[in-house]
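Coordinates as given in data_37.txt (compact mmCIF, C-alpha atoms and all ligand atoms):
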# COMPACT_ATOMS: atom_id res chain seq x y z
CA MET A 103 -24.94 101.11 -55.27
CA PRO A 104 -28.58 100.62 -54.19
CA ASN A 105 -31.38 101.30 -56.66
CA TYR A 106 -33.80 101.99 -53.86
CA LEU A 107 -33.88 103.88 -50.58
CA VAL A 108 -36.62 103.13 -48.06
CA THR A 109 -37.05 105.68 -45.27
CA GLY A 110 -38.63 104.34 -42.11
CA ALA A 111 -37.18 100.95 -43.06
CA ALA A 112 -37.47 99.63 -39.48
CA GLY A 113 -41.13 100.58 -39.36
CA PHE A 114 -44.15 98.53 -40.34
CA ILE A 115 -44.73 99.79 -43.88
CA GLY A 116 -41.08 100.58 -44.70
CA ARG A 117 -39.85 97.11 -43.75
CA SER A 118 -42.65 95.53 -45.80
CA ILE A 119 -41.69 97.49 -48.92
CA ALA A 120 -38.00 96.71 -48.37
CA ALA A 121 -38.79 92.99 -48.02
CA ALA A 122 -40.69 92.99 -51.33
CA LEU A 123 -37.84 94.78 -53.12
CA LEU A 124 -35.25 92.35 -51.74
CA ALA A 125 -37.46 89.39 -52.66
CA ARG A 126 -37.39 90.42 -56.31
CA GLY A 127 -33.61 90.87 -56.21
CA ASP A 128 -33.28 94.64 -55.97
CA THR A 129 -30.55 96.37 -54.01
CA VAL A 130 -31.96 98.36 -51.13
CA ARG A 131 -30.72 100.87 -48.58
CA GLY A 132 -32.85 101.60 -45.53
CA ILE A 133 -32.71 104.49 -43.09
CA ASP A 134 -34.53 104.76 -39.78
CA SER A 135 -34.12 106.94 -36.68
CA LEU A 136 -35.50 104.12 -34.53
CA ILE A 137 -37.78 106.63 -32.76
CA THR A 138 -40.75 104.40 -33.56
CA GLY A 139 -39.03 101.89 -35.86
CA LYS A 140 -37.67 98.72 -34.24
CA ARG A 141 -34.48 96.77 -34.86
CA SER A 142 -36.49 93.57 -34.58
CA ASN A 143 -38.31 94.60 -37.78
CA LEU A 144 -34.98 94.32 -39.62
CA VAL A 145 -34.81 90.57 -39.07
CA GLY A 146 -35.08 88.99 -42.52
CA LEU A 147 -33.77 92.15 -44.20
CA GLU A 148 -30.08 91.35 -43.74
CA ALA A 149 -29.44 91.94 -47.46
CA MET A 150 -30.49 95.57 -47.03
CA GLU A 151 -27.83 98.18 -46.31
CA PHE A 152 -29.18 99.76 -43.10
CA MET A 153 -28.33 103.23 -41.79
CA GLU A 154 -29.47 104.47 -38.41
CA GLY A 155 -30.13 108.13 -39.03
CA ASP A 156 -32.64 110.92 -38.66
CA LEU A 157 -34.10 112.72 -41.67
CA ALA A 158 -34.25 115.88 -39.55
CA ASP A 159 -30.46 115.87 -40.12
CA PRO A 160 -29.66 117.06 -43.69
CA ALA A 161 -26.30 115.22 -43.63
CA ALA A 162 -28.05 111.91 -42.95
CA CYS A 163 -30.42 112.61 -45.86
CA ALA A 164 -27.51 113.30 -48.21
CA LYS A 165 -25.76 110.09 -47.18
CA ALA A 166 -28.96 108.07 -47.56
CA CYS A 167 -29.75 109.42 -51.05
CA ALA A 168 -26.27 108.97 -52.56
CA GLY A 169 -26.43 106.76 -55.65
CA VAL A 170 -30.16 106.01 -55.28
CA GLU A 171 -32.65 105.98 -58.18
CA VAL A 172 -36.01 105.73 -56.37
CA VAL A 173 -36.95 106.65 -52.77
CA PHE A 174 -39.91 105.20 -50.87
CA HIS A 175 -40.51 107.78 -48.14
CA GLU A 176 -42.33 105.96 -45.33
CA ALA A 177 -40.65 107.58 -42.30
CA ALA A 178 -43.04 109.56 -40.08
CA LEU A 179 -44.45 109.82 -36.59
CA ALA A 180 -47.59 108.09 -37.82
CA SER A 181 -50.19 108.87 -35.20
CA VAL A 182 -53.02 111.35 -34.85
CA PRO A 183 -53.09 111.36 -31.01
CA ARG A 184 -49.31 111.60 -30.82
CA SER A 185 -49.47 114.74 -32.96
CA VAL A 186 -52.16 116.19 -30.70
CA ALA A 187 -49.90 115.57 -27.69
CA ASP A 188 -46.74 116.92 -29.40
CA PRO A 189 -47.39 118.83 -32.64
CA VAL A 190 -43.82 120.14 -32.86
CA ALA A 191 -42.30 116.63 -32.86
CA THR A 192 -44.72 115.63 -35.61
CA ASN A 193 -43.73 118.69 -37.63
CA VAL A 194 -40.01 117.95 -37.25
CA ASN A 195 -40.37 114.26 -38.14
CA CYS A 196 -42.90 114.68 -40.93
CA VAL A 197 -42.48 118.15 -42.48
CA ASP A 198 -38.81 119.06 -41.85
CA ALA A 199 -37.81 115.46 -42.55
CA THR A 200 -39.65 115.38 -45.87
CA LEU A 201 -38.22 118.71 -47.00
CA ASN A 202 -34.67 117.66 -46.05
CA LEU A 203 -35.15 114.39 -47.90
CA LEU A 204 -36.42 116.12 -51.04
CA VAL A 205 -33.52 118.58 -51.06
CA ALA A 206 -31.06 115.70 -50.68
CA ALA A 207 -32.83 113.57 -53.29
CA HIS A 208 -32.73 116.37 -55.83
CA ALA A 209 -29.07 117.12 -55.12
CA ALA A 210 -28.14 113.43 -55.44
CA GLY A 211 -29.92 113.04 -58.80
CA VAL A 212 -32.63 110.69 -57.47
CA ARG A 213 -35.20 110.11 -60.23
CA ARG A 214 -38.38 109.54 -58.22
CA VAL A 215 -39.74 109.87 -54.68
CA VAL A 216 -42.85 107.88 -53.73
CA TYR A 217 -44.45 109.33 -50.57
CA ALA A 218 -46.61 107.86 -47.82
CA ALA A 219 -49.36 110.47 -47.76
CA SER A 220 -52.41 110.12 -45.54
CA SER A 221 -56.18 109.94 -45.80
CA SER A 222 -56.28 112.12 -42.70
CA VAL A 223 -55.92 115.17 -44.99
CA TYR A 224 -59.62 114.83 -45.90
CA GLY A 225 -60.64 115.58 -42.32
CA ASP A 226 -64.26 115.15 -41.38
CA ALA A 227 -65.92 116.20 -44.63
CA PRO A 228 -69.23 114.29 -44.67
CA VAL A 229 -68.79 113.23 -48.31
CA LEU A 230 -68.14 109.53 -48.88
CA PRO A 231 -66.23 108.13 -50.59
CA LYS A 232 -63.35 110.59 -50.31
CA HIS A 233 -62.00 111.48 -53.73
CA GLU A 234 -58.93 113.41 -54.77
CA GLN A 235 -60.82 116.44 -56.11
CA MET A 236 -62.08 117.21 -52.60
CA LEU A 237 -60.45 120.15 -50.89
CA PRO A 238 -58.24 118.92 -48.03
CA SER A 239 -59.51 119.86 -44.59
CA PRO A 240 -57.02 118.50 -42.06
CA ILE A 241 -58.09 118.38 -38.41
CA SER A 242 -55.05 117.08 -36.53
CA PRO A 243 -51.43 118.34 -36.57
CA TYR A 244 -50.57 114.95 -38.13
CA ALA A 245 -52.91 115.56 -41.04
CA VAL A 246 -51.52 119.08 -41.54
CA ALA A 247 -47.96 117.71 -41.57
CA LYS A 248 -48.80 114.94 -44.05
CA LEU A 249 -50.50 117.46 -46.33
CA ALA A 250 -47.52 119.81 -46.17
CA GLY A 251 -45.36 116.89 -47.31
CA GLU A 252 -47.62 116.31 -50.31
CA HIS A 253 -47.36 119.96 -51.31
CA TYR A 254 -43.57 119.85 -51.02
CA LEU A 255 -43.50 116.83 -53.34
CA THR A 256 -45.62 118.54 -55.97
CA CYS A 257 -43.49 121.66 -55.61
CA PHE A 258 -40.30 119.66 -56.19
CA THR A 259 -41.80 118.22 -59.37
CA ARG A 260 -42.84 121.63 -60.65
CA VAL A 261 -39.82 123.63 -59.61
CA TYR A 262 -36.95 121.14 -59.73
CA GLY A 263 -38.23 118.42 -62.06
CA LEU A 264 -37.95 115.65 -59.44
CA GLU A 265 -40.50 112.91 -60.20
CA THR A 266 -42.87 112.44 -57.25
CA VAL A 267 -45.94 110.35 -56.44
CA SER A 268 -48.05 110.70 -53.26
CA LEU A 269 -50.14 107.75 -52.11
CA ARG A 270 -52.80 108.67 -49.56
CA TYR A 271 -52.89 105.60 -47.34
CA PHE A 272 -56.13 104.71 -45.57
CA ASN A 273 -55.62 102.88 -42.24
CA VAL A 274 -52.99 100.32 -43.14
CA PHE A 275 -52.75 97.14 -41.04
CA GLY A 276 -50.96 93.81 -41.11
CA PRO A 277 -47.95 91.88 -39.80
CA TYR A 278 -45.14 93.99 -38.29
CA GLN A 279 -47.47 96.78 -37.15
CA ASP A 280 -46.42 97.59 -33.59
CA PRO A 281 -49.22 96.61 -31.19
CA THR A 282 -47.51 97.80 -28.03
CA SER A 283 -48.08 101.56 -27.95
CA HIS A 284 -51.35 103.37 -27.33
CA TYR A 285 -50.44 105.32 -30.48
CA SER A 286 -50.55 102.08 -32.51
CA GLY A 287 -53.14 101.41 -35.21
CA VAL A 288 -56.40 100.13 -33.78
CA LEU A 289 -56.35 96.67 -35.38
CA ALA A 290 -52.85 95.93 -34.08
CA ILE A 291 -54.00 96.89 -30.58
CA PHE A 292 -57.22 94.87 -30.83
CA CYS A 293 -55.43 91.75 -32.18
CA ARG A 294 -52.87 91.81 -29.40
CA ARG A 295 -55.37 92.42 -26.61
CA MET A 296 -57.98 89.94 -27.77
CA LEU A 297 -55.41 87.18 -28.38
CA ALA A 298 -54.19 87.78 -24.82
CA GLY A 299 -57.77 87.52 -23.54
CA GLU A 300 -57.79 91.24 -22.65
CA GLN A 301 -60.69 93.61 -23.22
CA PRO A 302 -60.31 96.01 -26.18
CA THR A 303 -61.34 99.66 -25.70
CA ILE A 304 -63.40 101.46 -28.29
CA TYR A 305 -63.26 105.27 -28.28
CA GLY A 306 -66.78 106.46 -29.09
CA ASP A 307 -69.76 104.27 -29.92
CA GLY A 308 -67.82 101.96 -32.26
CA GLU A 309 -69.92 102.98 -35.25
CA GLN A 310 -67.03 105.00 -36.73
CA SER A 311 -65.84 103.33 -39.91
CA ARG A 312 -62.54 103.00 -41.74
CA ASP A 313 -61.30 101.75 -45.11
CA PHE A 314 -58.81 99.36 -43.48
CA THR A 315 -56.13 98.44 -46.02
CA TYR A 316 -54.05 95.30 -45.73
CA ILE A 317 -50.30 95.88 -46.07
CA ASP A 318 -49.84 93.74 -49.20
CA ASN A 319 -52.08 96.16 -51.11
CA VAL A 320 -49.90 99.05 -50.01
CA VAL A 321 -46.67 97.31 -51.02
CA HIS A 322 -48.18 96.38 -54.38
CA ALA A 323 -49.24 99.98 -55.08
CA ASN A 324 -45.83 101.34 -54.09
CA LEU A 325 -44.08 99.04 -56.57
CA LEU A 326 -46.54 100.15 -59.26
CA ALA A 327 -45.95 103.82 -58.35
CA ALA A 328 -42.20 103.40 -58.68
CA ALA A 329 -42.52 101.86 -62.14
CA ALA A 330 -45.37 103.88 -63.71
CA PRO A 331 -44.52 106.26 -66.57
CA ALA A 332 -43.60 109.76 -65.32
CA GLU A 333 -45.95 111.48 -67.76
CA LYS A 334 -48.83 109.63 -66.14
CA VAL A 335 -48.00 109.84 -62.44
CA SER A 336 -45.35 112.43 -61.68
CA GLY A 337 -46.56 115.23 -59.40
CA ARG A 338 -49.81 113.36 -58.72
CA MET A 339 -51.45 112.25 -55.49
CA MET A 340 -54.00 109.47 -55.20
CA ASN A 341 -55.90 107.40 -52.66
CA LEU A 342 -54.57 104.00 -51.70
CA ALA A 343 -57.17 101.82 -50.02
CA THR A 344 -59.67 99.07 -50.76
CA GLY A 345 -62.82 101.09 -51.51
CA SER A 346 -64.86 99.44 -48.75
CA ARG A 347 -65.32 100.31 -45.09
CA ILE A 348 -66.17 98.59 -41.85
CA THR A 349 -67.11 99.86 -38.38
CA LEU A 350 -65.06 99.20 -35.27
CA ASN A 351 -67.96 97.24 -33.78
CA GLU A 352 -67.93 94.98 -36.85
CA THR A 353 -64.17 94.48 -36.66
CA VAL A 354 -64.49 93.44 -33.02
CA ALA A 355 -67.15 90.89 -34.00
CA ILE A 356 -64.86 89.38 -36.67
CA LEU A 357 -61.90 89.41 -34.28
CA ARG A 358 -63.95 87.55 -31.68
CA GLU A 359 -64.32 84.73 -34.25
CA LEU A 360 -60.66 84.84 -35.29
CA THR A 361 -59.11 85.14 -31.83
CA GLY A 362 -61.61 83.21 -29.74
CA TYR A 363 -62.02 86.19 -27.37
CA SER A 364 -65.51 86.02 -25.95
CA GLY A 365 -65.74 89.26 -23.93
CA LYS A 366 -67.26 92.59 -24.96
CA PRO A 367 -65.30 95.80 -25.65
CA ALA A 368 -65.17 98.70 -23.19
CA TYR A 369 -66.46 102.03 -24.52
CA GLU A 370 -64.71 105.32 -23.71
CA PRO A 371 -65.17 108.93 -24.95
CA VAL A 372 -64.28 109.84 -28.55
CA ARG A 373 -60.59 110.64 -29.07
CA ALA A 374 -59.61 114.26 -29.87
CA GLY A 375 -58.74 114.81 -33.54
CA ASP A 376 -60.59 111.66 -34.67
CA ILE A 377 -62.72 111.61 -37.76
CA ARG A 378 -65.99 109.65 -37.92
CA ASP A 379 -66.04 107.83 -41.25
CA SER A 380 -63.45 107.08 -43.86
CA LEU A 381 -63.89 105.41 -47.22
CA ALA A 382 -61.81 105.89 -50.35
CA ASP A 383 -62.67 106.25 -53.99
CA ILE A 384 -59.83 104.22 -55.50
CA ARG A 385 -60.53 104.81 -59.18
CA LEU A 386 -57.67 107.25 -59.72
CA ALA A 387 -55.01 104.76 -58.53
CA GLY A 388 -56.69 102.25 -60.84
CA GLU A 389 -56.38 104.61 -63.80
CA LEU A 390 -52.89 105.92 -63.11
CA LEU A 391 -51.19 102.83 -61.67
CA GLY A 392 -53.40 99.93 -62.75
CA TYR A 393 -53.90 99.35 -58.99
CA ALA A 394 -56.60 97.10 -57.59
CA PRO A 395 -56.57 95.54 -54.11
CA ILE A 396 -55.03 92.06 -54.04
CA VAL A 397 -56.02 91.01 -50.49
CA ASP A 398 -59.43 91.81 -48.99
CA PHE A 399 -60.14 92.90 -45.42
CA ARG A 400 -61.18 89.55 -43.95
CA GLU A 401 -58.28 87.63 -45.45
CA GLY A 402 -55.89 90.39 -44.37
CA LEU A 403 -57.24 90.29 -40.84
CA ARG A 404 -56.95 86.50 -40.74
CA ARG A 405 -53.28 86.69 -41.78
CA THR A 406 -52.65 89.47 -39.28
CA VAL A 407 -54.17 87.55 -36.37
CA GLU A 408 -52.07 84.51 -37.31
CA TRP A 409 -48.92 86.63 -37.29
CA TYR A 410 -49.61 88.05 -33.82
CA ARG A 411 -50.69 84.61 -32.61
CA SER A 412 -47.35 83.16 -33.67
CA GLY A 413 -45.53 85.70 -31.49
CA GLY A 414 -45.10 88.58 -33.94
CA GLY A 415 -44.90 92.09 -32.54
CA VAL A 416 -43.49 91.04 -29.18
CA ASP A 417 -39.76 91.77 -28.73
C1 LIG B 1 -55.24 108.09 -38.86
C2 LIG B 1 -55.23 108.42 -40.32
C3 LIG B 1 -54.30 107.56 -41.08
C4 LIG B 1 -52.98 107.51 -40.43
C5 LIG B 1 -53.19 106.99 -39.03
C6 LIG B 1 -51.89 106.89 -38.28
C7 LIG B 1 -57.55 109.08 -40.82
C8 LIG B 1 -58.77 108.69 -41.58
N1 LIG B 1 -56.53 108.22 -40.91
O1 LIG B 1 -55.92 106.96 -38.64
O2 LIG B 1 -54.14 108.07 -42.37
O3 LIG B 1 -52.10 106.73 -41.14
O4 LIG B 1 -53.97 107.91 -38.35
O5 LIG B 1 -52.15 106.47 -36.97
O6 LIG B 1 -57.48 110.10 -40.21
N2 LIG B 1 -59.45 103.37 -31.58
C9 LIG B 1 -60.17 102.67 -30.62
N3 LIG B 1 -59.46 101.93 -29.71
C10 LIG B 1 -58.10 101.87 -29.69
C11 LIG B 1 -57.38 102.59 -30.68
C12 LIG B 1 -58.09 103.35 -31.60
O7 LIG B 1 -61.39 102.71 -30.58
O8 LIG B 1 -57.54 101.16 -28.83
C13 LIG B 1 -60.22 104.11 -32.58
C14 LIG B 1 -59.78 105.54 -32.79
O9 LIG B 1 -60.37 106.40 -31.84
C15 LIG B 1 -60.29 105.78 -34.22
C16 LIG B 1 -60.13 104.42 -34.89
O10 LIG B 1 -60.02 103.48 -33.84
O11 LIG B 1 -61.65 106.14 -34.21
C17 LIG B 1 -58.89 104.30 -35.74
O12 LIG B 1 -57.79 104.79 -35.01
P1 LIG B 1 -56.26 104.63 -35.52
O13 LIG B 1 -55.99 103.20 -35.81
O14 LIG B 1 -55.40 105.34 -34.54
O15 LIG B 1 -56.24 105.35 -36.93
P2 LIG B 1 -56.87 106.74 -37.45
O16 LIG B 1 -56.76 107.79 -36.40
O17 LIG B 1 -58.16 106.48 -38.11

Could you take the file, read its structure, and then write that structure out as structure tokens?
Ligand code: UD1
Amino acid sequence: MPNYLVTGAAGFIGRSIAAALLARGDTVRGIDSLITGKRSNLVGLEAMEFMEGDLADPAACAKACAGVEVVFHEAALASVPRSVADPVATNVNCVDATLNLLVAAHAAGVRRVVYAASSSVYGDAPVLPKHEQMLPSPISPYAVAKLAGEHYLTCFTRVYGLETVSLRYFNVFGPYQDPTSHYSGVLAIFCRRMLAGEQPTIYGDGEQSRDFTYIDNVVHANLLAAAAPAEKVSGRMMNLATGSRITLNETVAILRELTGYSGKPAYEPVRAGDIRDSLADIRLAGELLGYAPIVDFREGLRRTVEWYRSGGGVD
């Protein structure tokens, strides 16, 4: 029987967590609907028991949770603009899916659920850095859905005694992030375009900033969150980031060095639902998990460019 279930296991973050668990010898089950996840992301994860299934289906959730001790819940339609275009699909795949999963986890006797929450819940509050005592102020349907998931987790801790931890990810990037959709994360899109000698597009003036977080930091924090004592972390949410930010114009300048692209970006109007600046206070994850970033932005970006350069992300 697997110790761990990873939802969204054919997605960028899910497959990275699953790979780390397998590498340390754990038994892992993965579930993915393959709506945005890709079978090609499962290469290298052959030791994982994989189920194609949709968390919107309670029966699939029950099957996935059977015999599991800890769930890493990474499945989502992870895009702000996608949620603006189709808020109902985001609700089904983020809110309904999370509730179904929690019901199934509780029924199956799962001990802990670790949840991919999102920095988008802070909205456009001008305060920087964003800290966990701030009142959430979601702008996009995606942010609303991710926040609803957090509340369901806390509720399941309070009402049913299920251990839960929510990690509010800030703009995660790295190998295996899909660069092919216009809903993809900006760095994946920029890496792919600039390596191909194509002009990147910046929405707005490029002075918007993000606390871009390299995937290894996210995997590291998830493993800490699974192992931390319940009395310290259960029912808690915390930021997961690096605690530093960079503008899109600056990232393009670094990517010009790393990719050899010599052109300038195109500028288009600001995207609906976007926030301007994002920077995390990461002290709480430090206190509760002993988390500190293990790979900084530049090194993460260098590794990411190398991965796309070597053919990653192209099926
Ligand atoms: C948001 C959430 C994040 C979530 C992610 C999922 C915030 C702070 N973060 O990130 O938690 O996981 O959605 O997608 O709300 N951009 C360009 N050119 C492009 C693509 C994007 O300029 O080709 C710009 C966007 O307009 C935005 C920035 O890059 O200003 C980052 O966009 P994106 O990578 O989609 O992530 P967020 O929307 O910040």

Which distance in Å separates CA of Asp376 (chain A) and atom C13 of ligand LIG 1 (chain B), to one decimal?
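So the two atoms, CA of Asp376 (chain A) and atom C13 of ligand LIG 1 (chain B), lie 7.8 Å apart.
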
Mind working out the centre and edge lengths of an axis-aligned box for region 373-389 of chain A, all listed atoms inside, 5 Å added to each side, rounded to one decimal in Å and written as JSON?
{"center_x": -60.5, "center_y": 108.5, "center_z": -46.4, "size_x": 21.0, "size_y": 22.6, "size_z": 44.7}

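Atom O16 of ligand LIG 1 (chain B) lies 16.6 Å from CA of Cys293 (chain A).
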
Kindly work out which residues sit at most 6 Å from ligand LIG 1 (chain B), using all atoms listed in the file, and give the list as a PyMOL selection string.
chain A and resi 180-182+220-222+271-273+287-288+291+303-305+373+376-377+380

Considering all atoms listed in the file, can you say which of A:Val145, A:Leu123, A:Leu360, A:Leu391 comes closest to Val267 (chain A)?
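Closest to Val267 (chain A) of all the choices is A:Leu391.
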
Can you tell me how far CA of Glu359 (chain A) sits from CA of Asp318 (chain A), in Å to one decimal?
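Pair CA of Glu359 (chain A) / CA of Asp318 (chain A) returns 22.7 Å.
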
Of the candidates A:Asp134, A:Asp383, A:Asp226, A:Asp159, which one gets nearest to Asp313 (chain A) if we count all atoms listed in the file?
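The answer is A:Asp383, which sits nearest to Asp313 (chain A).
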
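Using all atoms listed in the file, the smallest distance between any of A:Ser118, A:Thr200, A:Thr109, A:Thr138 and Ala177 (chain A) comes from A:Thr109.
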
Near Arg270 (chain A), counting all atoms listed in the file, which residues have an atom at most 8 Å away, once you skip same-chain residues fewer than 5 positions from it, shown as a tab-separated table (two decimals) with C-alpha atoms, in the frame of the given file?
chain	number	residue	atom	x	y	z
A	218	ALA	CA	-46.61	107.86	-47.82
A	219	ALA	CA	-49.36	110.47	-47.76
A	220	SER	CA	-52.41	110.12	-45.54
A	221	SER	CA	-56.18	109.94	-45.80
A	339	MET	CA	-51.45	112.25	-55.49
A	340	MET	CA	-54.00	109.47	-55.20
A	341	ASN	CA	-55.90	107.40	-52.66
A	342	LEU	CA	-54.57	104.00	-51.70
